[in-house]
Amino acid sequence: MTYVINEPRIGTKGHLQNRRDLATHPAQNARTAFLAAGCVFLLAAVLGAVVNAAASFHHGWWLVAYLSLVGGLSQMLLGVGQDVLAERTHSQTPPNTLLLMELGLWSVGSVAVAVGDLAGARTVLLLGSALLLIDLALFAVGLSRMRRDAARRVVTLERCYAALLLFLAISVLAGSSLGGALSG
């Protein structure tokens with residue numbers, strides 16, 4: 001089991017004693033960062049909807065759906081879900097570097113897929129899809145570590161999170177195929 005020096009183990013008396021000081025709890029910072037990034041994608045989707053309603057453009061409604069579902073909602077579910085799972089199982093959240101990598105890969109991958117699709121650039125779309133799949137693998141590694149180090153198991157929540165990861169991986173592959181990135 002891995003312990004972080006000067007940080008109380010989740011579920012102990014000292015855990016989140018001072019919720020105002022987010023710097024003392026990296027997972028709370030990560031949750032906020034994933035929510036903020038998701039909100040940025042949701043705002044971009046709203047902007048895309050307004051622009052597309054005013055002057056329709058190629059794949060406009062696809063872009064709105066993609067930004068809101070993949071960039072926004074999925075990012076929020078992945079980040080917050082991971083944090084909630086760690087909290088409920090009384091296990092450590094992934095290290096800050098991994099959390100930042102997960103956040104960055106999902107954001108950059110989501111943007112790359114959107115730009116690649118709109119520009120008709122298969123290589124960019126494929127690169128974005130690869131980043132999303134790599135990120136999902138990192139989330140799966142985090143889930144595996146949390147299961148291994150859990151002070152208590154919350155099987156239903158663990159299975160729901162694993163199902164989310166699997167669903168998103170299948171969706172990335174299907175979307176890449178539909179976008180033409182996987183065809184000949």
# chains A, B, ... in the order shown; residues from 1 in each chain; ligands from 1

call {"tool": "residues_around", "arguments": {"residues": "Gly38 (chain A)", "least_positions_apart": "3", "cutoff": "10 Å", "atoms": "only C-alpha atoms", "output": "short mmCIF file (atom, residue, chain, number, x, y, z; two decimals) with N, CA and C atoms, in the first residue's frame"}}
result
data_model
loop_
_atom_site.label_atom_id
_atom_site.label_comp_id
_atom_site.auth_asym_id
_atom_site.auth_seq_id
_atom_site.Cartn_x
_atom_site.Cartn_y
_atom_site.Cartn_z
N THR A 32 -11.97 19.43 -9.37
CA THR A 32 -12.28 20.77 -9.84
C THR A 32 -11.76 20.99 -11.25
N ALA A 33 -10.55 20.51 -11.53
CA ALA A 33 -9.96 20.67 -12.86
C ALA A 33 -10.75 19.91 -13.92
N PHE A 34 -11.14 18.68 -13.61
CA PHE A 34 -11.93 17.90 -14.57
C PHE A 34 -13.30 18.55 -14.80
N LEU A 35 -13.91 19.06 -13.75
CA LEU A 35 -15.20 19.75 -13.91
C LEU A 35 -15.03 21.02 -14.72
N PHE A 41 -15.64 22.67 -22.41
CA PHE A 41 -16.13 21.96 -23.59
C PHE A 41 -17.63 22.16 -23.76
N LEU A 42 -18.37 22.19 -22.66
CA LEU A 42 -19.81 22.43 -22.76
C LEU A 42 -20.09 23.84 -23.28
N LEU A 43 -19.33 24.82 -22.84
CA LEU A 43 -19.49 26.18 -23.35
C LEU A 43 -19.13 26.25 -24.83
N ALA A 44 -18.09 25.53 -25.23
CA ALA A 44 -17.73 25.48 -26.65
C ALA A 44 -18.86 24.83 -27.46
N LEU A 67 -18.60 17.77 -28.71
CA LEU A 67 -18.01 18.61 -27.66
C LEU A 67 -18.73 18.45 -26.33
N SER A 68 -20.06 18.33 -26.38
CA SER A 68 -20.79 18.21 -25.12
C SER A 68 -20.66 16.82 -24.51
N LEU A 69 -20.74 15.77 -25.33
CA LEU A 69 -20.72 14.41 -24.79
C LEU A 69 -19.31 13.88 -24.51
N VAL A 70 -18.40 14.06 -25.44
CA VAL A 70 -17.04 13.52 -25.27
C VAL A 70 -16.16 14.51 -24.50
N GLY A 71 -16.09 15.73 -25.00
CA GLY A 71 -15.24 16.72 -24.33
C GLY A 71 -15.75 17.11 -22.96
N GLY A 72 -17.06 17.29 -22.84
CA GLY A 72 -17.64 17.77 -21.58
C GLY A 72 -18.04 16.68 -20.62
N LEU A 73 -19.15 16.02 -20.91
CA LEU A 73 -19.72 15.05 -19.99
C LEU A 73 -18.78 13.89 -19.67
N SER A 74 -18.16 13.31 -20.70
CA SER A 74 -17.26 12.18 -20.46
C SER A 74 -16.08 12.57 -19.58
N GLN A 75 -15.52 13.74 -19.85
CA GLN A 75 -14.38 14.19 -19.04
C GLN A 75 -14.77 14.37 -17.58
N MET A 76 -15.96 14.92 -17.37
CA MET A 76 -16.45 15.08 -15.99
C MET A 76 -16.66 13.73 -15.32
N LEU A 77 -17.27 12.80 -16.03
CA LEU A 77 -17.53 11.47 -15.47
C LEU A 77 -16.23 10.74 -15.16
N GLY A 79 -13.11 12.02 -14.54
CA GLY A 79 -12.35 12.63 -13.45
C GLY A 79 -13.05 12.56 -12.11
N LEU A 103 -6.04 14.43 -17.55
CA LEU A 103 -6.79 15.62 -17.92
C LEU A 103 -6.31 16.18 -19.26
N SER A 107 -8.36 16.18 -22.94
CA SER A 107 -8.67 17.48 -23.56
C SER A 107 -8.03 17.60 -24.94
#

call {"tool": "atom_distance", "arguments": {"atom1": "CA of Ala114 (chain A)", "atom2": "CA of Ser171 (chain A)"}}
result
14.3 Å

call {"tool": "residues_around", "arguments": {"residues": "region 83-92 of chain A", "least_positions_apart": "2", "cutoff": "6 Å", "atoms": "only C-alpha atoms", "output": "PDB file with N, CA and C atoms, in the first residue's frame"}}
result
ATOM      1  N   ILE A  10      -7.417   8.716   2.872  1.00  0.00           N
ATOM      2  CA  ILE A  10      -8.837   8.957   2.651  1.00  0.00           C
ATOM      3  C   ILE A  10      -9.635   8.075   3.602  1.00  0.00           C
ATOM      4  N   GLY A  11     -10.602   8.672   4.233  1.00  0.00           N
ATOM      5  CA  GLY A  11     -11.452   7.931   5.161  1.00  0.00           C
ATOM      6  C   GLY A  11     -11.010   8.028   6.605  1.00  0.00           C
ATOM      7  N   VAL A  80     -14.301  12.960 -12.080  1.00  0.00           N
ATOM      8  CA  VAL A  80     -15.049  12.943 -10.820  1.00  0.00           C
ATOM      9  C   VAL A  80     -15.307  11.504 -10.387  1.00  0.00           C
ATOM     10  N   GLY A  81     -15.603  10.638 -11.342  1.00  0.00           N
ATOM     11  CA  GLY A  81     -15.843   9.221 -11.017  1.00  0.00           C
ATOM     12  C   GLY A  81     -14.637   8.575 -10.366  1.00  0.00           C
ATOM     13  N   MET A 146      -6.557   1.285  -7.546  1.00  0.00           N
ATOM     14  CA  MET A 146      -7.510   1.572  -6.472  1.00  0.00           C
ATOM     15  C   MET A 146      -8.147   0.282  -5.952  1.00  0.00           C
ATOM     16  N   ASP A 149      -5.514  -1.461  -3.745  1.00  0.00           N
ATOM     17  CA  ASP A 149      -5.193  -0.786  -2.488  1.00  0.00           C
ATOM     18  C   ASP A 149      -6.412  -0.438  -1.645  1.00  0.00           C
ATOM     19  N   ALA A 150      -7.589  -0.809  -2.097  1.00  0.00           N
ATOM     20  CA  ALA A 150      -8.822  -0.396  -1.418  1.00  0.00           C
ATOM     21  C   ALA A 150      -8.905  -0.963  -0.008  1.00  0.00           C
ATOM     22  N   ALA A 151      -9.268  -0.091   0.930  1.00  0.00           N
ATOM     23  CA  ALA A 151      -9.520  -0.530   2.305  1.00  0.00           C
ATOM     24  C   ALA A 151     -10.867  -1.248   2.370  1.00  0.00           C
ATOM     25  N   ARG A 152     -11.759  -0.895   1.458  1.00  0.00           N
ATOM     26  CA  ARG A 152     -13.030  -1.600   1.344  1.00  0.00           C
ATOM     27  C   ARG A 152     -13.442  -1.578  -0.116  1.00  0.00           C
ATOM     28  N   ARG A 153     -14.189  -2.572  -0.523  1.00  0.00           N
ATOM     29  CA  ARG A 153     -14.607  -2.697  -1.912  1.00  0.00           C
ATOM     30  C   ARG A 153     -16.022  -2.160  -2.087  1.00  0.00           C
TER      31      ARG A 153
END

call {"tool": "residues_around", "arguments": {"residues": "Gly128 (chain A)", "least_positions_apart": "4", "cutoff": "8 Å", "atoms": "only C-alpha atoms", "output": "ChimeraX atom specification"}}
result
/A:108-113,116,124,132

call {"tool": "atom_distance", "arguments": {"atom1": "CA of Leu136 (chain A)", "atom2": "CA of His58 (chain A)"}}
result
28.9 Å

call {"tool": "select_by_dssp", "arguments": {"residues": "chain A", "states": "alpha helix (DSSP H)", "output": "PyMOL selection string"}}
result
chain A and resi 26-54+60-66+75-89+96-119+122-149+155-178
